[in-house]
Amino acid sequence: MPEVLNECPVCQQTILQPYLTCTDYTVSREQFTLVKCASCSFVFTNPRPSMEDSGRYYKSEDYISHTNSSKGILNKVYQFVRNRAIKSKLDLVESFSPRPKSILDYGCGTGEFLSYAKSCGWTSAGLELDDDARKLAKDNHQLNVDHPKALSGLPSGQFGVITLWHVLEHVHTLNDTIEQFKRCLSSEGVLIIAVPNHQSHDAEVFGEYWAAYDVPRHIYHFNKASMVTLMERHGMSLVKTQGMFFDPFYISLLSTKYKNGYTNPIKAFFVGLKTNSLGKTNIEKHSSIIYVFKKQNG
Ligand SMILES: [Zn+2]
């Protein structure tokens, strides 16, 4: 059964207006409505699959976040992007010199980022919902990876860094999970959250076909304002934002496929280029944004 939210997950107000109707192009071909909170402008998928029901929307040969398949151009682009991005992610983490040198990657997938962090001397722990991905992370990288339900049992103040790379937009228990992150962070710790930005240039170009709406797997659609509002309500302050360079190319490539039925690499390249160019002077035009938060009074 779909789950209907009667109040905004960010500000708890109840006036929710229709915003956009999107199609699930990767798995079900079903349509989903996005609504916008009249009070704080937060956009979210509503109704959404219940937590129990959401698993079936991840069952697809095309859904590649958790696989290491290198078949097809989209998969090749994805693998390339991921490997290049891993180093720049850890560079960002290390620029804050967080202590202790202990990292939790929430939604760690098959563990490539964590494995790289571990090789650079970080004590590395991961949480991952997908059973197969969790097993691959353990088998391929000898990582300490548990089911996300273990989060509430982790000791307080244990981590210098908690990272979520394109994960928070999937999390049903949004507010409880953020409270747990805050509890598990050390007083000087940083929480790093990367999510798609629905106010981006590529989102404007592709509209309902913008691949990063990714309904119904993405149940929240952030922009900078809504992310900051949400986190400030949990006592976290924004200390840095950074655009993600490769995302607009990959997202645009997928979006051309959804819109036209075939991939158009030339169009995707130019939309990606323009998105990055606009994002240089205005972070709010970036396709995906990395946000770094610290605890207030930390
Ligand atoms: Zn709201």
# chains A, B, ... in the order shown; residues from 1 in each chain; ligands from 1

$ residues_near_ligand --ligand "ligand 1" --cutoff "7 Å" --atoms "only C-alpha atoms and all ligand atoms" --output "PyMOL selection string"
chain A and resi 8-13+37-42

$ write_last_selection --atoms "C-alpha atoms" --output "PDB file, in the first residue's frame"
ATOM      1  CA  CYS A   8       5.627  18.199   5.451  1.00  0.00           C
ATOM      2  CA  PRO A   9       8.551  16.107   6.782  1.00  0.00           C
ATOM      3  CA  VAL A  10      10.645  19.264   7.166  1.00  0.00           C
ATOM      4  CA  CYS A  11       8.316  21.795   8.850  1.00  0.00           C
ATOM      5  CA  GLN A  12       5.238  19.654   9.739  1.00  0.00           C
ATOM      6  CA  GLN A  13       2.832  22.110   8.089  1.00  0.00           C
ATOM      7  CA  CYS A  37       4.940  22.390   1.029  1.00  0.00           C
ATOM      8  CA  ALA A  38       3.217  25.798   0.907  1.00  0.00           C
ATOM      9  CA  SER A  39       5.078  26.847   4.024  1.00  0.00           C
ATOM     10  CA  CYS A  40       8.733  25.860   3.495  1.00  0.00           C
ATOM     11  CA  SER A  41       8.704  24.862  -0.238  1.00  0.00           C
ATOM     12  CA  PHE A  42      10.059  21.376   0.438  1.00  0.00           C
TER      13      PHE A  42
END

$ closest_atom_pairs --of "stretch 258-297 of chain A" --to "stretch 179-194 of chain A" --cutoff "6 Å" --atoms "only C-alpha atoms" --output "Markdown table"
| residue | atom | partner | partner_atom | distance |
| --- | --- | --- | --- | --- |
| A:Ile289 | CA | A:Ala194 | CA | 5.6 |
| A:Ile290 | CA | A:Ala194 | CA | 4.1 |
| A:Tyr291 | CA | A:Ile193 | CA | 5.2 |
| A:Val292 | CA | A:Ile192 | CA | 4.6 |
| A:Phe293 | CA | A:Leu191 | CA | 5.1 |
| A:Lys294 | CA | A:Val190 | CA | 5.0 |

$ select_by_dssp --residues "stretch 74-179 of chain A" --states "helix (DSSP H, G or I)" --output "PyMOL selection string"
chain A and resi 74-94+112-119+131-141+148-153+168-170+174-179

$ select_by_dssp --residues "stretch 14-257 of chain A" --states "strand (DSSP E or B)" --output "NGL selection string"
:A and (16-23 or 31-37 or 43-45 or 48-49 or 102-106 or 123-127 or 144-146 or 159-165 or 185-196 or 220-221 or 236-243)

$ write_last_selection --atoms "C-alpha atoms" --output "CSV table (one decimal), in the first residue's frame"
chain,number,residue,atom,x,y,z
A,16,LEU,CA,0.8,20.6,0.4
A,17,GLN,CA,0.3,21.6,-3.3
A,18,PRO,CA,0.8,19.5,-6.4
A,19,TYR,CA,4.1,20.3,-8.0
A,20,LEU,CA,5.0,17.8,-10.8
A,21,THR,CA,4.0,14.3,-12.0
A,22,CYS,CA,6.9,12.0,-12.9
A,23,THR,CA,7.2,8.5,-14.3
A,31,GLN,CA,3.5,7.7,-12.3
A,32,PHE,CA,4.1,9.5,-9.0
A,33,THR,CA,3.1,12.9,-7.8
A,34,LEU,CA,5.5,15.4,-6.2
A,35,VAL,CA,4.0,17.9,-3.8
A,36,LYS,CA,5.4,21.1,-2.5
A,37,CYS,CA,4.9,22.4,1.0
A,43,VAL,CA,9.3,19.0,-2.5
A,44,PHE,CA,8.6,15.3,-1.8
A,45,THR,CA,7.1,12.3,-3.5
A,48,ARG,CA,5.2,7.2,-1.7
A,49,PRO,CA,5.8,3.4,-1.4
A,102,SER,CA,36.7,7.4,12.0
A,103,ILE,CA,34.1,7.4,9.2
A,104,LEU,CA,30.6,6.0,8.9
A,105,ASP,CA,29.2,5.8,5.3
A,106,TYR,CA,25.4,5.5,5.5
A,123,THR,CA,38.6,3.4,10.6
A,124,SER,CA,35.7,2.6,8.3
A,125,ALA,CA,32.2,1.4,9.1
A,126,GLY,CA,29.2,1.2,6.7
A,127,LEU,CA,25.5,0.7,6.8
A,144,ASN,CA,32.5,-3.7,8.6
A,145,VAL,CA,29.1,-3.2,7.1
A,146,ASP,CA,25.8,-3.7,8.9
A,159,PHE,CA,32.6,9.2,14.3
A,160,GLY,CA,34.6,12.2,13.1
A,161,VAL,CA,32.7,12.0,9.8
A,162,ILE,CA,29.4,10.6,8.6
A,163,THR,CA,28.8,10.6,4.9
A,164,LEU,CA,25.7,10.1,2.7
A,165,TRP,CA,26.4,10.0,-1.0
A,185,LEU,CA,29.1,12.4,15.5
A,186,SER,CA,31.9,13.6,17.7
A,187,SER,CA,31.6,17.2,18.9
A,188,GLU,CA,33.9,18.4,16.1
A,189,GLY,CA,32.5,16.0,13.6
A,190,VAL,CA,31.2,16.7,10.2
A,191,LEU,CA,28.1,15.4,8.5
A,192,ILE,CA,28.5,15.3,4.7
A,193,ILE,CA,25.3,14.9,2.6
A,194,ALA,CA,25.2,14.8,-1.2
A,195,VAL,CA,21.8,15.0,-2.9
A,196,PRO,CA,20.4,16.0,-6.3
A,220,TYR,CA,12.6,13.8,-1.2
A,221,HIS,CA,13.7,16.5,-3.7
A,236,MET,CA,23.2,21.5,12.5
A,237,SER,CA,24.8,24.4,10.7
A,238,LEU,CA,26.0,24.5,7.1
A,239,VAL,CA,29.7,25.1,6.8
A,240,LYS,CA,30.3,24.4,3.1
A,241,THR,CA,28.7,23.5,-0.2
A,242,GLN,CA,30.3,22.0,-3.2
A,243,GLY,CA,28.9,21.1,-6.7

$ atom_distance --atom1 "atom CA of A:Leu90" --atom2 "atom CA of A:Tyr116"
8.2 Å

$ decode --residues "stretch 179-285 of chain A" --atoms "C-alpha atoms" --output "compact mmCIF listing (two decimals), in the first residue's frame"
# COMPACT_ATOMS: atom_id res chain seq x y z
CA GLU A 179 18.97 12.73 15.02
CA GLN A 180 20.96 9.48 15.14
CA PHE A 181 23.70 10.95 12.94
CA LYS A 182 23.95 13.91 15.27
CA ARG A 183 24.23 11.60 18.27
CA CYS A 184 26.91 9.42 16.65
CA LEU A 185 29.08 12.37 15.54
CA SER A 186 31.94 13.62 17.72
CA SER A 187 31.60 17.21 18.94
CA GLU A 188 33.93 18.39 16.15
CA GLY A 189 32.50 15.95 13.62
CA VAL A 190 31.15 16.74 10.16
CA LEU A 191 28.07 15.37 8.46
CA ILE A 192 28.46 15.30 4.67
CA ILE A 193 25.32 14.91 2.56
CA ALA A 194 25.23 14.79 -1.25
CA VAL A 195 21.82 14.97 -2.92
CA PRO A 196 20.39 16.03 -6.30
CA ASN A 197 19.24 19.63 -6.53
CA HIS A 198 15.81 20.02 -8.13
CA GLN A 199 16.48 23.71 -8.70
CA SER A 200 19.45 22.93 -10.94
CA HIS A 201 19.94 23.99 -14.55
CA ASP A 202 19.63 20.42 -15.87
CA ALA A 203 16.38 19.96 -13.85
CA GLU A 204 15.02 23.08 -15.57
CA VAL A 205 16.00 21.78 -19.01
CA PHE A 206 14.50 18.30 -18.62
CA GLY A 207 11.49 19.06 -16.38
CA GLU A 208 9.52 15.91 -15.53
CA TYR A 209 12.14 13.84 -17.43
CA TRP A 210 15.01 14.96 -15.19
CA ALA A 211 16.53 11.61 -14.20
CA ALA A 212 17.39 12.68 -10.66
CA TYR A 213 13.71 12.86 -9.71
CA ASP A 214 14.08 9.07 -9.89
CA VAL A 215 10.61 8.36 -8.46
CA PRO A 216 9.65 6.54 -6.37
CA ARG A 217 13.14 5.67 -5.12
CA HIS A 218 13.76 9.35 -4.38
CA ILE A 219 11.12 10.34 -1.85
CA TYR A 220 12.59 13.82 -1.18
CA HIS A 221 13.71 16.45 -3.68
CA PHE A 222 16.01 18.99 -2.04
CA ASN A 223 17.27 22.39 -2.93
CA LYS A 224 19.71 24.39 -0.86
CA ALA A 225 17.02 26.22 1.10
CA SER A 226 15.11 23.09 2.11
CA MET A 227 18.27 21.21 3.06
CA VAL A 228 19.44 24.05 5.29
CA THR A 229 15.97 24.43 6.87
CA LEU A 230 15.81 20.71 7.61
CA MET A 231 19.27 20.51 9.15
CA GLU A 232 18.93 23.69 11.20
CA ARG A 233 15.82 22.19 12.75
CA HIS A 234 18.11 19.42 13.97
CA GLY A 235 20.69 21.84 15.34
CA MET A 236 23.16 21.48 12.48
CA SER A 237 24.85 24.42 10.73
CA LEU A 238 25.97 24.53 7.11
CA VAL A 239 29.71 25.06 6.82
CA LYS A 240 30.33 24.35 3.13
CA THR A 241 28.67 23.49 -0.17
CA GLN A 242 30.30 22.01 -3.25
CA GLY A 243 28.91 21.08 -6.66
CA MET A 244 29.44 17.60 -8.08
CA PHE A 245 31.16 17.87 -11.44
CA PHE A 246 30.22 14.60 -13.12
CA ASP A 247 26.59 14.39 -12.07
CA PRO A 248 25.03 16.73 -14.64
CA PHE A 249 26.60 14.76 -17.53
CA TYR A 250 25.37 11.42 -16.25
CA ILE A 251 21.95 12.72 -15.19
CA SER A 252 21.49 14.53 -18.52
CA LEU A 253 22.41 11.39 -20.46
CA LEU A 254 19.76 9.41 -18.59
CA SER A 255 17.28 12.26 -18.96
CA THR A 256 17.65 12.33 -22.76
CA LYS A 257 16.88 8.61 -22.76
CA TYR A 258 13.73 9.13 -20.66
CA LYS A 259 12.58 12.04 -22.79
CA ASN A 260 13.32 10.72 -26.29
CA GLY A 261 13.64 6.97 -25.85
CA TYR A 262 17.34 6.99 -26.79
CA THR A 263 20.46 8.52 -25.26
CA ASN A 264 21.70 11.73 -26.82
CA PRO A 265 25.31 12.14 -25.63
CA ILE A 266 25.84 15.43 -27.46
CA LYS A 267 22.83 17.11 -25.89
CA ALA A 268 23.79 15.63 -22.50
CA PHE A 269 27.34 16.93 -22.84
CA PHE A 270 26.24 20.49 -23.52
CA VAL A 271 23.58 20.55 -20.80
CA GLY A 272 26.15 19.12 -18.39
CA LEU A 273 28.70 21.70 -19.39
CA LYS A 274 26.26 24.60 -18.98
CA THR A 275 25.05 23.25 -15.63
CA ASN A 276 28.61 23.17 -14.31
CA SER A 277 29.34 26.59 -15.75
CA LEU A 278 26.28 28.19 -14.10
CA GLY A 279 26.99 26.26 -10.89
CA LYS A 280 30.43 27.85 -10.62
CA THR A 281 28.95 31.23 -9.81
CA ASN A 282 25.68 30.01 -8.30
CA ILE A 283 25.75 26.74 -6.35
CA GLU A 284 21.95 26.58 -6.60
CA LYS A 285 22.25 25.76 -10.32
